[in-house]
>>> print(open('coords.txt').read())   # compact mmCIF, C-alpha atoms
# COMPACT_ATOMS: atom_id res chain seq x y z
CA MET A 1 -48.08 168.18 -154.46
CA ASP A 2 -49.97 167.72 -157.70
CA PHE A 3 -53.51 167.37 -156.44
CA ASN A 4 -56.62 169.08 -157.78
CA ASN A 5 -57.42 170.35 -154.31
CA ASN A 6 -54.52 172.76 -153.93
CA ASP A 7 -55.38 174.36 -150.62
CA PHE A 8 -53.29 171.96 -148.56
CA PRO A 9 -51.83 174.21 -145.86
CA LEU A 10 -48.20 173.29 -146.45
CA GLU A 11 -46.82 175.94 -144.14
CA ARG A 12 -48.18 174.06 -141.11
CA ALA A 13 -47.50 170.57 -142.40
CA LYS A 14 -45.32 168.01 -140.66
CA THR A 15 -43.90 164.91 -142.32
CA ILE A 16 -43.07 161.51 -140.86
CA GLU A 17 -41.01 158.96 -142.81
CA ILE A 18 -41.96 155.30 -142.40
CA ASP A 19 -39.88 152.44 -143.76
CA SER A 20 -41.65 149.31 -142.53
CA LEU A 21 -45.02 147.94 -141.44
CA ASP A 22 -43.72 147.68 -137.88
CA ARG A 23 -43.48 151.49 -137.72
CA VAL A 24 -46.96 152.25 -139.07
CA SER A 25 -48.95 152.22 -135.83
CA CYS A 26 -46.43 154.34 -133.97
CA ALA A 27 -46.38 156.96 -136.73
CA CYS A 28 -50.17 157.03 -136.99
CA GLU A 29 -50.52 157.32 -133.20
CA ALA A 30 -48.44 160.49 -133.26
CA VAL A 31 -50.81 162.06 -135.77
CA VAL A 32 -53.91 160.81 -133.98
CA ASP A 33 -52.69 162.24 -130.68
CA ALA A 34 -52.35 165.65 -132.33
CA ILE A 35 -55.85 165.34 -133.81
CA LYS A 36 -57.32 164.35 -130.45
CA ALA A 37 -56.04 167.63 -129.04
CA SER A 38 -57.95 169.60 -131.68
CA ASP A 39 -61.66 170.11 -132.41
CA PHE A 40 -62.49 166.65 -133.69
CA ALA A 41 -65.13 164.44 -132.09
CA ASN A 42 -64.39 160.86 -131.07
CA ASP A 43 -66.16 159.44 -134.12
CA GLU A 44 -64.09 161.67 -136.38
CA VAL A 45 -60.84 160.70 -134.66
CA PHE A 46 -61.78 157.04 -135.19
CA ALA A 47 -62.48 157.74 -138.88
CA ILE A 48 -59.21 159.60 -139.43
CA HIS A 49 -57.21 156.96 -137.54
CA LEU A 50 -58.72 154.18 -139.63
CA ALA A 51 -58.09 155.98 -142.94
CA LEU A 52 -54.56 156.86 -141.88
CA GLU A 53 -53.63 153.30 -140.94
CA GLU A 54 -55.09 151.95 -144.16
CA ALA A 55 -53.32 154.53 -146.33
CA VAL A 56 -49.90 154.03 -144.76
CA VAL A 57 -50.18 150.22 -144.79
CA ASN A 58 -51.19 150.39 -148.47
CA ALA A 59 -48.22 152.66 -149.23
CA ILE A 60 -45.70 150.29 -147.66
CA LYS A 61 -47.29 146.98 -148.60
CA HIS A 62 -48.61 147.69 -152.10
CA GLY A 63 -46.76 150.87 -153.08
CA ASN A 64 -43.29 149.96 -151.85
CA ASN A 65 -43.84 146.18 -151.88
CA CYS A 66 -42.37 146.15 -148.36
CA ASP A 67 -38.98 147.10 -149.81
CA PRO A 68 -37.04 148.39 -146.76
CA SER A 69 -34.98 150.70 -148.98
CA LYS A 70 -38.15 152.61 -149.87
CA LYS A 71 -40.08 154.93 -147.60
CA ALA A 72 -43.63 156.09 -147.15
CA TYR A 73 -44.13 159.76 -146.32
CA LEU A 74 -46.95 160.80 -144.05
CA THR A 75 -47.57 164.54 -144.21
CA TYR A 76 -50.30 166.10 -142.14
CA SER A 77 -51.66 169.47 -141.21
CA ILE A 78 -54.29 170.28 -138.62
CA SER A 79 -55.93 173.62 -139.13
CA GLY A 80 -58.93 174.46 -136.98
CA ASP A 81 -61.81 172.39 -138.25
CA ARG A 82 -59.83 170.56 -140.91
CA VAL A 83 -57.13 167.91 -141.09
CA ASP A 84 -55.24 167.28 -144.33
CA ILE A 85 -53.20 164.11 -144.73
CA VAL A 86 -51.02 163.12 -147.65
CA VAL A 87 -49.49 159.64 -147.79
CA SER A 88 -46.95 159.02 -150.54
CA ASP A 89 -44.80 156.04 -151.43
CA GLU A 90 -41.85 155.37 -153.72
CA GLY A 91 -43.61 152.83 -155.88
CA ASP A 92 -44.89 153.07 -159.45
CA GLY A 93 -48.40 154.04 -158.38
CA PHE A 94 -51.73 152.52 -159.36
CA ASP A 95 -55.01 153.48 -160.97
CA PRO A 96 -57.56 153.82 -158.16
CA SER A 97 -60.41 153.44 -160.65
CA ASN A 98 -59.26 149.85 -161.25
CA VAL A 99 -59.64 148.78 -157.62
CA PRO A 100 -62.56 146.30 -157.34
CA ASP A 101 -65.53 147.17 -155.15
CA PRO A 102 -65.08 145.01 -152.00
CA CYS A 103 -68.80 145.25 -151.25
CA CYS A 104 -69.90 143.41 -154.40
CA ASP A 105 -71.33 140.01 -153.59
CA HIS A 106 -68.52 138.20 -155.42
CA ASN A 107 -65.84 140.14 -153.50
CA LEU A 108 -67.46 140.04 -150.09
CA CYS A 109 -65.58 136.96 -148.90
CA LYS A 110 -62.19 138.11 -150.16
CA ALA A 111 -59.70 138.61 -147.34
CA SER A 112 -58.20 141.83 -148.69
CA GLY A 113 -58.99 144.89 -150.79
CA ARG A 114 -60.97 147.01 -148.32
CA GLY A 115 -58.39 149.66 -147.42
CA LEU A 116 -59.12 152.24 -150.12
CA PHE A 117 -62.86 151.67 -149.77
CA LEU A 118 -62.65 152.42 -146.04
CA ILE A 119 -60.57 155.54 -146.68
CA LYS A 120 -63.18 156.85 -149.12
CA SER A 121 -66.00 155.92 -146.74
CA TYR A 122 -64.56 157.61 -143.67
CA MET A 123 -62.91 160.74 -145.09
CA ASP A 124 -64.65 163.80 -146.54
CA LEU A 125 -62.32 164.30 -149.50
CA VAL A 126 -60.00 161.76 -151.11
CA GLU A 127 -57.88 162.29 -154.20
CA HIS A 128 -54.81 160.70 -155.80
CA ASN A 129 -52.02 162.33 -157.74
CA ASP A 130 -51.73 161.52 -161.45
CA SER A 131 -49.17 158.75 -160.98
CA GLY A 132 -51.21 157.12 -158.20
CA ASN A 133 -48.47 156.89 -155.60
CA SER A 134 -49.79 159.65 -153.37
CA ILE A 135 -53.16 160.07 -151.69
CA HIS A 136 -54.58 163.27 -150.19
CA MET A 137 -57.34 162.91 -147.59
CA VAL A 138 -59.30 165.60 -145.79
CA LYS A 139 -61.62 165.40 -142.80
CA PHE A 140 -63.64 168.33 -141.49
CA ALA A 141 -64.60 168.63 -137.83
CA LYS A 142 -68.25 169.10 -137.03
CA LYS A 143 -67.73 171.10 -133.84
CA GLU A 144 -71.27 170.87 -132.53
CA GLU A 145 -70.87 167.10 -132.25
CA LYS A 146 -67.64 167.17 -130.24
CA ASP A 147 -69.20 165.20 -127.38
CA ARG A 148 -69.98 162.12 -129.41
CA MET B 1 -59.24 128.90 -118.19
CA ASP B 2 -56.52 127.95 -120.60
CA LYS B 3 -54.44 130.95 -121.49
CA ALA B 4 -52.94 130.54 -124.95
CA SER B 5 -51.08 133.85 -124.65
CA PRO B 6 -51.32 136.93 -122.41
CA LYS B 7 -53.37 138.77 -125.01
CA ILE B 8 -55.68 135.90 -125.90
CA ALA B 9 -57.85 134.02 -123.42
CA VAL B 10 -59.48 130.72 -124.36
CA ASP B 11 -62.51 129.54 -122.37
CA TYR B 12 -64.64 126.45 -122.85
CA VAL B 13 -68.28 127.33 -122.23
CA ARG B 14 -70.88 124.57 -122.71
CA SER B 15 -70.16 123.17 -126.16
CA ALA B 16 -68.51 126.35 -127.38
CA VAL B 17 -65.01 127.79 -127.28
CA VAL B 18 -64.78 131.49 -126.43
CA VAL B 19 -61.63 133.26 -127.53
CA THR B 20 -61.35 136.71 -125.94
CA LEU B 21 -59.04 139.15 -127.68
CA ASN B 22 -57.42 141.24 -124.97
CA TYR B 23 -56.26 143.93 -127.33
CA GLU B 24 -57.31 147.57 -127.25
CA LYS B 25 -56.18 147.97 -130.87
CA ILE B 26 -55.58 145.32 -133.48
CA LEU B 27 -53.45 147.00 -136.11
CA ASP B 28 -49.95 145.63 -136.41
CA GLU B 29 -49.19 142.83 -138.79
CA ALA B 30 -47.39 141.19 -135.86
CA ASP B 31 -50.51 141.30 -133.67
CA ILE B 32 -52.66 139.84 -136.43
CA LYS B 33 -50.16 137.03 -137.06
CA SER B 34 -50.03 136.37 -133.34
CA ILE B 35 -53.83 136.09 -133.14
CA GLU B 36 -53.88 133.78 -136.14
CA LYS B 37 -51.14 131.58 -134.66
CA SER B 38 -53.08 131.34 -131.39
CA VAL B 39 -56.53 130.69 -132.84
CA LEU B 40 -55.68 128.20 -135.60
CA PRO B 41 -54.55 125.45 -133.16
CA VAL B 42 -57.78 125.92 -131.19
CA ILE B 43 -59.74 125.32 -134.40
CA ASP B 44 -57.56 122.32 -135.27
CA ASP B 45 -57.96 120.79 -131.81
CA ASN B 46 -61.77 120.97 -131.77
CA ASP B 47 -63.70 119.03 -134.38
CA LYS B 48 -66.67 121.01 -135.73
CA ILE B 49 -65.81 123.83 -133.38
CA LYS B 50 -68.39 126.32 -132.18
CA LEU B 51 -66.13 129.33 -131.81
CA VAL B 52 -66.96 132.71 -130.32
CA LEU B 53 -64.45 135.47 -130.97
CA ASP B 54 -65.07 138.14 -128.35
CA PHE B 55 -64.12 141.74 -129.16
CA SER B 56 -65.41 143.39 -125.99
CA LYS B 57 -61.92 144.68 -125.13
CA VAL B 58 -61.18 145.87 -128.66
CA GLN B 59 -61.62 149.56 -129.44
CA PHE B 60 -60.05 149.71 -132.86
CA LEU B 61 -59.09 147.40 -135.72
CA SER B 62 -57.92 147.69 -139.30
CA SER B 63 -58.96 145.98 -142.52
CA ALA B 64 -56.11 143.50 -142.07
CA MET B 65 -57.98 142.08 -139.07
CA LEU B 66 -61.15 141.86 -141.15
CA GLY B 67 -59.12 139.79 -143.60
CA LEU B 68 -58.04 137.44 -140.82
CA LEU B 69 -61.65 137.03 -139.68
CA ILE B 70 -62.68 136.04 -143.19
CA ARG B 71 -59.87 133.47 -143.37
CA LEU B 72 -60.76 132.05 -139.95
CA LYS B 73 -64.45 131.82 -140.88
CA LYS B 74 -63.59 129.84 -144.01
CA THR B 75 -61.25 127.52 -142.11
CA ILE B 76 -63.89 126.88 -139.44
CA GLU B 77 -66.73 126.29 -141.90
CA ASP B 78 -64.58 124.04 -144.10
CA LYS B 79 -64.21 121.82 -141.01
CA GLY B 80 -67.94 121.83 -140.31
CA GLY B 81 -67.75 124.34 -137.48
CA ALA B 82 -69.40 127.69 -136.84
CA LEU B 83 -68.13 131.14 -135.90
CA ARG B 84 -69.84 133.89 -133.92
CA LEU B 85 -68.43 137.35 -133.20
CA SER B 86 -69.39 139.14 -129.99
CA GLY B 87 -68.83 142.34 -128.03
CA ILE B 88 -68.22 144.53 -131.07
CA ASN B 89 -68.51 148.22 -130.22
CA ASP B 90 -70.55 150.72 -132.23
CA LYS B 91 -67.63 152.21 -134.12
CA ILE B 92 -66.24 148.83 -135.21
CA MET B 93 -69.77 147.70 -136.02
CA GLY B 94 -69.90 150.67 -138.37
CA VAL B 95 -66.89 149.24 -140.20
CA PHE B 96 -68.64 145.88 -140.55
CA LYS B 97 -71.77 147.58 -141.89
CA ILE B 98 -69.98 149.85 -144.35
CA THR B 99 -68.06 146.90 -145.77
CA ARG B 100 -71.23 144.72 -145.67
CA LEU B 101 -69.34 142.14 -143.60
CA ASP B 102 -72.25 142.19 -141.16
CA LYS B 103 -74.01 140.14 -143.86
CA ILE B 104 -71.52 137.28 -143.76
CA PHE B 105 -70.67 137.18 -140.04
CA THR B 106 -73.05 136.26 -137.25
CA ILE B 107 -72.55 139.05 -134.71
CA MET B 108 -73.99 138.76 -131.20
CA GLN B 109 -74.20 141.34 -128.45
CA ASP B 110 -71.98 139.47 -125.96
CA SER B 111 -70.19 136.16 -125.58
CA ALA B 112 -72.91 134.67 -123.34
CA THR B 113 -75.56 135.30 -125.98
CA ALA B 114 -73.21 133.96 -128.63
CA THR B 115 -72.49 130.69 -126.80
CA GLU B 116 -76.22 130.14 -126.24
CA SER B 117 -76.95 130.71 -129.92
CA PHE B 118 -75.29 127.54 -131.22
>>> encode(input="coords.txt", output="structure tokens")
Amino acid sequence: MDFNNNDFPLERAKTIEIDSLDRVSCACEAVVDAIKASDFANDEVFAIHLALEEAVVNAIKHGNNCDPSKKAYLTYSISGDRVDIVVSDEGDGFDPSNVPDPCCDHNLCKASGRGLFLIKSYMDLVEHNDSGNSIHMVKFAKKEEKDR
Amino acid sequence: MDKASPKIAVDYVRSAVVVTLNYEKILDEADIKSIEKSVLPVIDDNDKIKLVLDFSKVQFLSSAMLGLLIRLKKTIEDKGGALRLSGINDKIMGVFKITRLDKIFTIMQDSATATESF
């Protein structure tokens, strides 16, 4: 995995393959259930779930152009106070710096384009690989706020 | 009460139409298409509709649902109607605030307040 943040704990990672939008929620639920059983507070589970859904939908819809012969790969690792998630697709990738800001006044009424913004807003660390077809997201648990 | 589908309840309250979304999570493309297919005829059937979309049962939604809300708002306003959202929980409200969509939607605490606000 060619990310700058190289401390992804691969030895504990699990991978789920997803080939269509219909399978996204089910795959994400499996990850979210595992996260719920760890040290993350409800707000953090919500944040991770949202980022996860957005990343996998983006991978299938925009990365793979909904081509059923292509897959998205959801790899995750839960390690104490940290969850690492990598979502990759089989598309050509994109330049995340070219994605318009959905919060600008002239984009506010557009019906799409909020997925990456939400991922960046809700996760603690977000990075793409050089080709732009893989995203690595990290969320840290704040244990003292578990009861939220 | 006219039930358009098991997951969507349509109520006529005073001069307003209240559509309650009986979903815990609105994520799947299929769910979003189903909501759109159920709500659009309600908009078409009511000239200058005063529509309340009630989210009090909804615990989670994705940006695809935000996109549908924006499309519905435009459709309603193009026909001279008005849209209110109600019953949005704190976490989903956070999504509206982060994306600044709380600036373009009128969001009320509950459906009763929303119907009275027209």
>>> residues_around(input="coords.txt", residues="range 71-87 of chain B", least_positions_apart="2", cutoff="9 Å", atoms="all atoms listed in the file", output="ChimeraX atom specification")
/A:109-111 /B:36,39-40,43-44,46-58,66-69,89,105-115,117-118
>>> residues_near_point(input="coords.txt", point="(-44.7, 157.4, -148.0)", cutoff="9 Å", atoms="all atoms listed in the file", output="PDB file with C-alpha atoms, in the coordinates of the input")
ATOM      1  CA  ILE A  16     -43.070 161.510-140.860  1.00  0.00           C
ATOM      2  CA  GLU A  17     -41.010 158.960-142.810  1.00  0.00           C
ATOM      3  CA  ILE A  18     -41.960 155.300-142.400  1.00  0.00           C
ATOM      4  CA  ASP A  19     -39.880 152.440-143.760  1.00  0.00           C
ATOM      5  CA  VAL A  56     -49.900 154.030-144.760  1.00  0.00           C
ATOM      6  CA  ALA A  59     -48.220 152.660-149.230  1.00  0.00           C
ATOM      7  CA  ILE A  60     -45.700 150.290-147.660  1.00  0.00           C
ATOM      8  CA  GLY A  63     -46.760 150.870-153.080  1.00  0.00           C
ATOM      9  CA  ASN A  64     -43.290 149.960-151.850  1.00  0.00           C
ATOM     10  CA  LYS A  70     -38.150 152.610-149.870  1.00  0.00           C
ATOM     11  CA  LYS A  71     -40.080 154.930-147.600  1.00  0.00           C
ATOM     12  CA  ALA A  72     -43.630 156.090-147.150  1.00  0.00           C
ATOM     13  CA  TYR A  73     -44.130 159.760-146.320  1.00  0.00           C
ATOM     14  CA  LEU A  74     -46.950 160.800-144.050  1.00  0.00           C
ATOM     15  CA  THR A  75     -47.570 164.540-144.210  1.00  0.00           C
ATOM     16  CA  VAL A  86     -51.020 163.120-147.650  1.00  0.00           C
ATOM     17  CA  VAL A  87     -49.490 159.640-147.790  1.00  0.00           C
ATOM     18  CA  SER A  88     -46.950 159.020-150.540  1.00  0.00           C
ATOM     19  CA  ASP A  89     -44.800 156.040-151.430  1.00  0.00           C
ATOM     20  CA  GLU A  90     -41.850 155.370-153.720  1.00  0.00           C
ATOM     21  CA  ASN A 133     -48.470 156.890-155.600  1.00  0.00           C
ATOM     22  CA  SER A 134     -49.790 159.650-153.370  1.00  0.00           C
TER      23      SER A 134
END
>>> closest_atom_pairs(input="coords.txt", of="chain B", to="chain A", cutoff="8 Å", atoms="all atoms listed in the file", output="tab-separated table")
residue	atom	partner	partner_atom	distance
B:Leu27	CA	A:Ser25	CA	6.9
B:Asp28	CA	A:Ser25	CA	6.7
B:Glu29	CA	A:Leu21	CA	7.1
B:Ala30	CA	A:Asp22	CA	7.7
B:Phe60	CA	A:Phe46	CA	7.9
B:Leu61	CA	A:Leu50	CA	7.8
B:Ser62	CA	A:Leu50	CA	6.5
B:Ser63	CA	A:Gly115	CA	6.2
B:Ala64	CA	A:Ser112	CA	7.1
B:Leu66	CA	A:Ala111	CA	7.1
B:Gly67	CA	A:Ala111	CA	4.0
B:Leu68	CA	A:Ala111	CA	6.8
B:Ile70	CA	A:Ala111	CA	5.7
B:Arg71	CA	A:Ala111	CA	6.5
B:Lys91	CA	A:Asp43	CA	7.4
B:Val95	CA	A:Leu118	CA	7.9
B:Ile98	CA	A:Ser121	CA	7.6
B:Thr99	CA	A:Cys103	CA	5.8
B:Arg100	CA	A:Cys103	CA	6.1
B:Leu101	CA	A:Leu108	CA	7.1
B:Ile104	CA	A:Cys109	CA	7.9
>>> residues_around(input="coords.txt", residues="Lys7 in chain B", least_positions_apart="5", cutoff="12 Å", atoms="all atoms listed in the file", output="ChimeraX atom specification")
/B:19-26,31-32,34-35,38-39,55,57-58
>>> atom_distance(input="coords.txt", atom1="CA of Asn58 in chain A", atom2="CA of Asp92 in chain A")
12.9 Å
>>> atom_distance(input="coords.txt", atom1="CA of Phe94 in chain A", atom2="CA of Met65 in chain B")
23.7 Å
>>> atom_distance(input="coords.txt", atom1="CA of His128 in chain A", atom2="CA of Ala55 in chain A")
11.4 Å
>>> closest_residue(input="coords.txt", among="A:Leu52, A:Asn129, A:Asp124, A:Gly93", to="Cys28 in chain A", atoms="only C-alpha atoms")
A:Leu52
>>> residues_around(input="coords.txt", residues="Asp84 in chain A", least_positions_apart="2", cutoff="7 Å", atoms="all atoms listed in the file", output="MDAnalysis selection string")
chainID A and resid 8 76:78 82 86 137:139
>>> build_atoms(input="coords.txt", residues="range 49-61 of chain B", atoms="N, CA and C atoms", output="PDB file, in the frame of the given file")
ATOM      1  N   ILE B  49     -65.850 122.857-134.476  1.00  0.00           N
ATOM      2  CA  ILE B  49     -65.810 123.830-133.380  1.00  0.00           C
ATOM      3  C   ILE B  49     -66.952 124.841-133.457  1.00  0.00           C
ATOM      4  N   LYS B  50     -67.465 125.181-132.289  1.00  0.00           N
ATOM      5  CA  LYS B  50     -68.390 126.320-132.180  1.00  0.00           C
ATOM      6  C   LYS B  50     -67.580 127.431-131.507  1.00  0.00           C
ATOM      7  N   LEU B  51     -67.089 128.334-132.316  1.00  0.00           N
ATOM      8  CA  LEU B  51     -66.130 129.330-131.810  1.00  0.00           C
ATOM      9  C   LEU B  51     -66.778 130.705-131.700  1.00  0.00           C
ATOM     10  N   VAL B  52     -66.562 131.311-130.527  1.00  0.00           N
ATOM     11  CA  VAL B  52     -66.960 132.710-130.320  1.00  0.00           C
ATOM     12  C   VAL B  52     -65.673 133.529-130.227  1.00  0.00           C
ATOM     13  N   LEU B  53     -65.561 134.522-131.085  1.00  0.00           N
ATOM     14  CA  LEU B  53     -64.450 135.470-130.970  1.00  0.00           C
ATOM     15  C   LEU B  53     -64.999 136.727-130.327  1.00  0.00           C
ATOM     16  N   ASP B  54     -64.508 137.023-129.125  1.00  0.00           N
ATOM     17  CA  ASP B  54     -65.070 138.140-128.350  1.00  0.00           C
ATOM     18  C   ASP B  54     -64.193 139.392-128.471  1.00  0.00           C
ATOM     19  N   PHE B  55     -64.825 140.470-128.913  1.00  0.00           N
ATOM     20  CA  PHE B  55     -64.120 141.740-129.160  1.00  0.00           C
ATOM     21  C   PHE B  55     -64.442 142.799-128.098  1.00  0.00           C
ATOM     22  N   SER B  56     -64.940 142.384-126.950  1.00  0.00           N
ATOM     23  CA  SER B  56     -65.410 143.390-125.990  1.00  0.00           C
ATOM     24  C   SER B  56     -64.301 144.292-125.454  1.00  0.00           C
ATOM     25  N   LYS B  57     -63.044 143.839-125.573  1.00  0.00           N
ATOM     26  CA  LYS B  57     -61.920 144.680-125.130  1.00  0.00           C
ATOM     27  C   LYS B  57     -61.356 145.529-126.278  1.00  0.00           C
ATOM     28  N   VAL B  58     -61.801 145.256-127.483  1.00  0.00           N
ATOM     29  CA  VAL B  58     -61.180 145.870-128.660  1.00  0.00           C
ATOM     30  C   VAL B  58     -61.872 147.188-129.015  1.00  0.00           C
ATOM     31  N   GLN B  59     -61.080 148.237-129.110  1.00  0.00           N
ATOM     32  CA  GLN B  59     -61.620 149.560-129.440  1.00  0.00           C
ATOM     33  C   GLN B  59     -61.373 149.957-130.882  1.00  0.00           C
ATOM     34  N   PHE B  60     -60.452 149.273-131.524  1.00  0.00           N
ATOM     35  CA  PHE B  60     -60.050 149.710-132.860  1.00  0.00           C
ATOM     36  C   PHE B  60     -59.433 148.527-133.603  1.00  0.00           C
ATOM     37  N   LEU B  61     -59.775 148.407-134.888  1.00  0.00           N
ATOM     38  CA  LEU B  61     -59.090 147.400-135.720  1.00  0.00           C
ATOM     39  C   LEU B  61     -59.013 147.898-137.151  1.00  0.00           C
TER      40      LEU B  61
END
